[in-house]
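I have placed the structure first, in the form of structure tokens, so that the comments after it can refer back to it.
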Amino acid sequence: MDFSDKILKEYTEDADKRLALSCRLFILFMLLVALLNHIGIFKIDTLPLDITVLISCVNFLLPTLFYNILKIHNEWMRYVFLTIIVFQSGLQYAVLSYHTIIMLVFPLIIACLYNKKKYVYFTAVLSVPMIIISHLVSTVLRVVPDEPLVEVSDVVFFGILPRTIEFFGIAVVCVFISDRIENLVKTLANKNSELYADQENLILALSQIIENKSENTGHHVKRVAEYTQLLCQSLGYSEEDSWKISLAAMMHDVGKIMVPETILEKPGKLTKEEFEIVKKHTKYGKQMLETSPGELFRISTEIAHQHHEKWDGTGYMGIAGEEIEPYARCVALADVFDALVSRRSYKRAWTPEEAYEEIVSQRGKQFAPEVVDAFVENFSNFVEVMKKYPDQGEN
């Protein structure tokens with residue numbers, strides 16, 4: 001599955017939160033300016049400054065309200081907030097003049113957080129008329145004397161013109177930066193998808209080898225993978241994580257490649273010595289997978305190593321409770337259910353209802369309680385998967 005769009009979406013939403021954080025920090029700076037003015041460090045008319053600070057607090061808290069608290073992330077909202085920031089920058093320059101000249105480029109810097117040219121273009125186009133307006137309003141208000149910007153002609157030639165030229169220069173740099181990072185992020189997302197695709201193809205190929213060792217040429221690993229995905233989704237895992245874990249679950253028995261077929265397909269009960277050999281497949285699986293690169297193989301390694309562990313600590317290696325990896329707990333139940341309802345050379349296939357009763361009876365013993373609860377919730381779906389992938393001869 002390709003989750004590159006999801007990665008890009010999360011990246012943009014993270015930029016929303018960075019924008020909100022930047023605005024909150026700027027509120028602190030404005031409050032500091034107001035405080036220093038009140039104690040006499042600055043010589044600014046108190047009333048216009050206090051009104052500006054109040055408006056700043058209201059405007060700059062809006063991104064926090066929508067992004068962090070309400071969790072709303074929309075394309076149009078980003079344009080709205082960039083517009084508010086442009087307006088706010090013009091307002092602050094109009095009142096405080098050269099004391100806040102940096103505010104004229106502040107919206108551009110904020111737009112760069114998204115690393116997309118369209119936001120920088122939008123902000124730049126909106127900022128130019130705001131620069132002109134804020135200079136003219138500053139001249140009229142005269143809250144802060146700004147020599148030689150007294151006459152309108154002086155405002156145009158010594159204020160608006162040079163600062164507009166400088167603004168365009170910074171805007172061009174911001175466009176280059178955004179374009180460069182936007183391409184890098186897209187490249188990383190594509191490489192990430194390719195990496196997962198390579199791991200998926202390798203896992204599918206190995207799982208086919210594992211299935212071909214079965215005398216029934218069954219679909220055991222496919223069923224276990226889908227059972228695991230059902231459990232993960234019920235336990236609250238994201239769609240992406242559920243997919244990763246279910247795919248990794250296909251490797252749970254990869255270590256059996258190292259176990260002699262005469263033992264794996266023995267029609268009767270295994271001797272104690274033979275069972276000890278079979279148990280080693282968890283160790284073999286870990287050894288085979290642990291040096292493989294990639295997140296899927298890291299998860300596969302833990303699953304192959306721990307899928308025969310029991311909640312009460314009576315499993316192959318005695319790992320118990322929370323020490324067992326959460327996804328290995330899911331695979332443990334999925335594997336047992338499939339083993340119970342499948343025919344083997346040494347046993348008949350249990351009915352789904354019989355398997356259900358057995359698994360529920362092992363809640364808090366062999367299986368993690370929350371995993372059994374997820375199984376109960378998805379029992380009908382388990383039966384559907386079982387029917388979807390019947391072993392040869394069971395159609």
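Ligands are numbered from 1 in the order shown, chains are lettered A, B, ... in the order of the structure tokens, and residues start at 1 in each chain.
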Worksheet item: What lies within 10 Å of Gln92 of chain A using only C-alpha atoms, ignoring chain neighbours under 5 positions off, as a list of chain:residue names?
Response: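 Result of the neighbour search: A:Met30, A:Pro48, A:Leu49, A:Thr52, A:Val53, A:Ile55, A:Ser56, A:Phe87, A:Ser97, A:Tyr98, A:His99, A:Thr100, A:Ile101, A:Met103, A:Leu104, A:Ser134, A:Ser138.
The residue set within 10 Å of Tyr356 of chain A, counting only C-alpha atoms and dropping same-chain residues fewer than 2 places from it, reads Phe337, Leu340, Val341, Trp350, Thr351, Pro352, Glu353, Glu354, Glu358, Ile359, Val360, Ser361, Val372, Phe375, Val376 and Phe379 of chain A.
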I need the chosen residues saved as a PDB file, in the first residue's frame, with C-alpha atoms.
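The result, stored in result_8.pdb:
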ATOM      1  CA  PHE A 337      -7.201 -19.685  15.930  1.00  0.00           C
ATOM      2  CA  LEU A 340      -7.454 -24.850  15.596  1.00  0.00           C
ATOM      3  CA  VAL A 341      -9.862 -24.443  12.664  1.00  0.00           C
ATOM      4  CA  TRP A 350     -12.221 -27.594  14.899  1.00  0.00           C
ATOM      5  CA  THR A 351     -15.400 -25.681  14.205  1.00  0.00           C
ATOM      6  CA  PRO A 352     -15.107 -21.879  14.552  1.00  0.00           C
ATOM      7  CA  GLU A 353     -17.388 -22.083  17.578  1.00  0.00           C
ATOM      8  CA  GLU A 354     -15.143 -24.612  19.280  1.00  0.00           C
ATOM      9  CA  GLU A 358     -11.175 -22.290  23.615  1.00  0.00           C
ATOM     10  CA  ILE A 359      -9.701 -18.855  22.970  1.00  0.00           C
ATOM     11  CA  VAL A 360     -12.152 -17.077  25.257  1.00  0.00           C
ATOM     12  CA  SER A 361     -11.337 -19.579  28.015  1.00  0.00           C
ATOM     13  CA  VAL A 372      -9.249 -11.706  23.261  1.00  0.00           C
ATOM     14  CA  PHE A 375     -11.247 -11.284  18.839  1.00  0.00           C
ATOM     15  CA  VAL A 376     -14.732 -11.573  20.349  1.00  0.00           C
ATOM     16  CA  PHE A 379     -15.386 -13.221  15.474  1.00  0.00           C
TER      17      PHE A 379
END
Fill in: Sel. of helix (DSSP H, G or I) residues, segment 209-354 of chain A, as a ChimeraX atom specification
/A:209-212,220-234,239-249,254-258,261-264,272-279,281-289,295-306,321-323,326-341,352-354
Discussion item. Need to verify the contact set: segment 267-284 of chain A, 9 Å, only C-alpha atoms, exclusion of same-chain residues closer than 3 positions in sequence. Can you return it as a ChimeraX atom specification?
Written reply: /A:252-260,263-264,287-289,303-308,316,344-347
Selected residues, N, CA, C and O atoms, written as a JSON list (two decimals), in the first residue's frame, please.
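Contents of the output file result.json:
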[["chain", "number", "residue", "atom", "x", "y", "z"],
["A", 252, "HIS", "N", 5.71, -14.92, 10.49],
["A", 252, "HIS", "CA", 5.76, -15.49, 11.84],
["A", 252, "HIS", "C", 6.37, -16.88, 11.87],
["A", 252, "HIS", "O", 7.02, -17.26, 12.84],
["A", 253, "ASP", "N", 6.19, -17.65, 10.81],
["A", 253, "ASP", "CA", 6.72, -19.02, 10.79],
["A", 253, "ASP", "C", 7.91, -19.18, 9.84],
["A", 253, "ASP", "O", 8.23, -20.30, 9.44],
["A", 254, "VAL", "N", 8.58, -18.06, 9.51],
["A", 254, "VAL", "CA", 9.68, -18.16, 8.54],
["A", 254, "VAL", "C", 10.78, -19.09, 9.04],
["A", 254, "VAL", "O", 11.47, -19.75, 8.25],
["A", 255, "GLY", "N", 10.94, -19.19, 10.37],
["A", 255, "GLY", "CA", 11.98, -20.06, 10.91],
["A", 255, "GLY", "C", 11.76, -21.52, 10.65],
["A", 255, "GLY", "O", 12.69, -22.34, 10.75],
["A", 256, "LYS", "N", 10.54, -21.91, 10.27],
["A", 256, "LYS", "CA", 10.26, -23.34, 9.99],
["A", 256, "LYS", "C", 10.96, -23.82, 8.73],
["A", 256, "LYS", "O", 11.03, -25.04, 8.49],
["A", 257, "ILE", "N", 11.46, -22.88, 7.94],
["A", 257, "ILE", "CA", 12.26, -23.28, 6.78],
["A", 257, "ILE", "C", 13.46, -24.09, 7.23],
["A", 257, "ILE", "O", 13.95, -24.97, 6.50],
["A", 258, "MET", "N", 13.95, -23.83, 8.45],
["A", 258, "MET", "CA", 15.12, -24.51, 8.98],
["A", 258, "MET", "C", 14.78, -25.81, 9.72],
["A", 258, "MET", "O", 15.67, -26.52, 10.18],
["A", 259, "VAL", "N", 13.49, -26.11, 9.83],
["A", 259, "VAL", "CA", 13.06, -27.32, 10.52],
["A", 259, "VAL", "C", 12.80, -28.42, 9.50],
["A", 259, "VAL", "O", 12.11, -28.18, 8.49],
["A", 260, "PRO", "N", 13.30, -29.63, 9.70],
["A", 260, "PRO", "CA", 13.09, -30.73, 8.74],
["A", 260, "PRO", "C", 11.61, -30.99, 8.47],
["A", 260, "PRO", "O", 10.79, -31.00, 9.40],
["A", 263, "ILE", "N", 9.66, -33.70, 10.34],
["A", 263, "ILE", "CA", 9.10, -33.37, 11.66],
["A", 263, "ILE", "C", 7.85, -32.52, 11.50],
["A", 263, "ILE", "O", 6.83, -32.76, 12.16],
["A", 264, "LEU", "N", 7.93, -31.50, 10.60],
["A", 264, "LEU", "CA", 6.78, -30.61, 10.43],
["A", 264, "LEU", "C", 5.54, -31.35, 9.94],
["A", 264, "LEU", "O", 4.42, -31.04, 10.34],
["A", 287, "GLN", "N", 16.83, -14.96, 13.89],
["A", 287, "GLN", "CA", 18.16, -14.90, 13.30],
["A", 287, "GLN", "C", 18.11, -14.57, 11.81],
["A", 287, "GLN", "O", 18.97, -13.85, 11.29],
["A", 288, "MET", "N", 17.09, -15.07, 11.14],
["A", 288, "MET", "CA", 16.97, -14.84, 9.69],
["A", 288, "MET", "C", 16.56, -13.41, 9.36],
["A", 288, "MET", "O", 16.94, -12.87, 8.33],
["A", 289, "LEU", "N", 15.77, -12.79, 10.25],
["A", 289, "LEU", "CA", 15.17, -11.50, 9.93],
["A", 289, "LEU", "C", 15.85, -10.29, 10.57],
["A", 289, "LEU", "O", 15.72, -9.17, 10.08],
["A", 303, "ILE", "N", 7.82, -10.51, 15.80],
["A", 303, "ILE", "CA", 6.70, -11.44, 15.67],
["A", 303, "ILE", "C", 7.19, -12.88, 15.54],
["A", 303, "ILE", "O", 6.67, -13.79, 16.20],
["A", 304, "ALA", "N", 8.18, -13.10, 14.67],
["A", 304, "ALA", "CA", 8.72, -14.45, 14.49],
["A", 304, "ALA", "C", 9.28, -14.99, 15.80],
["A", 304, "ALA", "O", 9.18, -16.18, 16.10],
["A", 305, "HIS", "N", 9.85, -14.09, 16.61],
["A", 305, "HIS", "CA", 10.50, -14.51, 17.85],
["A", 305, "HIS", "C", 9.51, -14.75, 18.99],
["A", 305, "HIS", "O", 9.72, -15.61, 19.84],
["A", 306, "GLN", "N", 8.39, -14.01, 19.01],
["A", 306, "GLN", "CA", 7.53, -14.02, 20.19],
["A", 306, "GLN", "C", 6.11, -14.54, 19.96],
["A", 306, "GLN", "O", 5.31, -14.56, 20.90],
["A", 307, "HIS", "N", 5.79, -15.01, 18.77],
["A", 307, "HIS", "CA", 4.38, -15.36, 18.51],
["A", 307, "HIS", "C", 3.92, -16.62, 19.23],
["A", 307, "HIS", "O", 2.73, -16.93, 19.21],
["A", 308, "HIS", "N", 4.84, -17.34, 19.89],
["A", 308, "HIS", "CA", 4.45, -18.50, 20.69],
["A", 308, "HIS", "C", 4.56, -18.23, 22.19],
["A", 308, "HIS", "O", 4.50, -19.16, 22.99],
["A", 316, "TYR", "N", 7.09, -20.53, 24.82],
["A", 316, "TYR", "CA", 8.36, -21.14, 24.44],
["A", 316, "TYR", "C", 9.54, -20.59, 25.25],
["A", 316, "TYR", "O", 10.41, -21.34, 25.69],
["A", 344, "ARG", "N", -5.04, -30.73, 10.16],
["A", 344, "ARG", "CA", -3.63, -31.08, 10.12],
["A", 344, "ARG", "C", -3.50, -32.60, 10.02],
["A", 344, "ARG", "O", -4.47, -33.34, 10.26],
["A", 345, "SER", "N", -2.32, -33.07, 9.69],
["A", 345, "SER", "CA", -2.10, -34.50, 9.53],
["A", 345, "SER", "C", -2.34, -35.26, 10.83],
["A", 345, "SER", "O", -2.60, -36.46, 10.82],
["A", 346, "TYR", "N", -2.28, -34.57, 11.97],
["A", 346, "TYR", "CA", -2.42, -35.21, 13.26],
["A", 346, "TYR", "C", -3.73, -34.84, 13.97],
["A", 346, "TYR", "O", -3.95, -35.27, 15.10],
["A", 347, "LYS", "N", -4.61, -34.02, 13.33],
["A", 347, "LYS", "CA", -5.84, -33.61, 14.00],
["A", 347, "LYS", "C", -6.91, -33.19, 13.00],
["A", 347, "LYS", "O", -6.62, -32.84, 11.86]]
Discussion item. I need the residue nearest Tyr389 of chain A from this list: A:Asp179, A:Glu226, A:Asp50, A:Asp241. Use only C-alpha atoms for the distance.
Written reply: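 For Tyr389 of chain A, the nearest of the candidates is A:Glu226.
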Fill in: Distance in Å - atom CA of Met77 of chain A versus atom CA of Glu13 of chain A
11.6 Å
Discussion item. From the options A:Glu10, A:Glu302, A:Glu370, A:Glu357, which residue's atoms come nearest to Gly321 of chain A, counting only C-alpha atoms?
Written reply: A:Glu370
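You can rank A:Leu141, A:Ile203, A:Ala355, A:Leu91 by their closest distance to Val336 of chain A using only C-alpha atoms, and at the top of that list sits A:Ala355.
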Worksheet entry | Pairwise distance for atom CA of Glu166 of chain A and atom CA of Val105 of chain A, rounded to one decimal in Å | 9.5 Å
Worksheet entry | Surrounding residues of Asn381 of chain A excluding itself and chain neighbours under 6 positions, 12 Å, only C-alpha atoms, as JSON, numbers by chain | {"A": [223, 226, 227, 228, 229, 230, 231, 234, 352, 374, 375, 387, 388]}
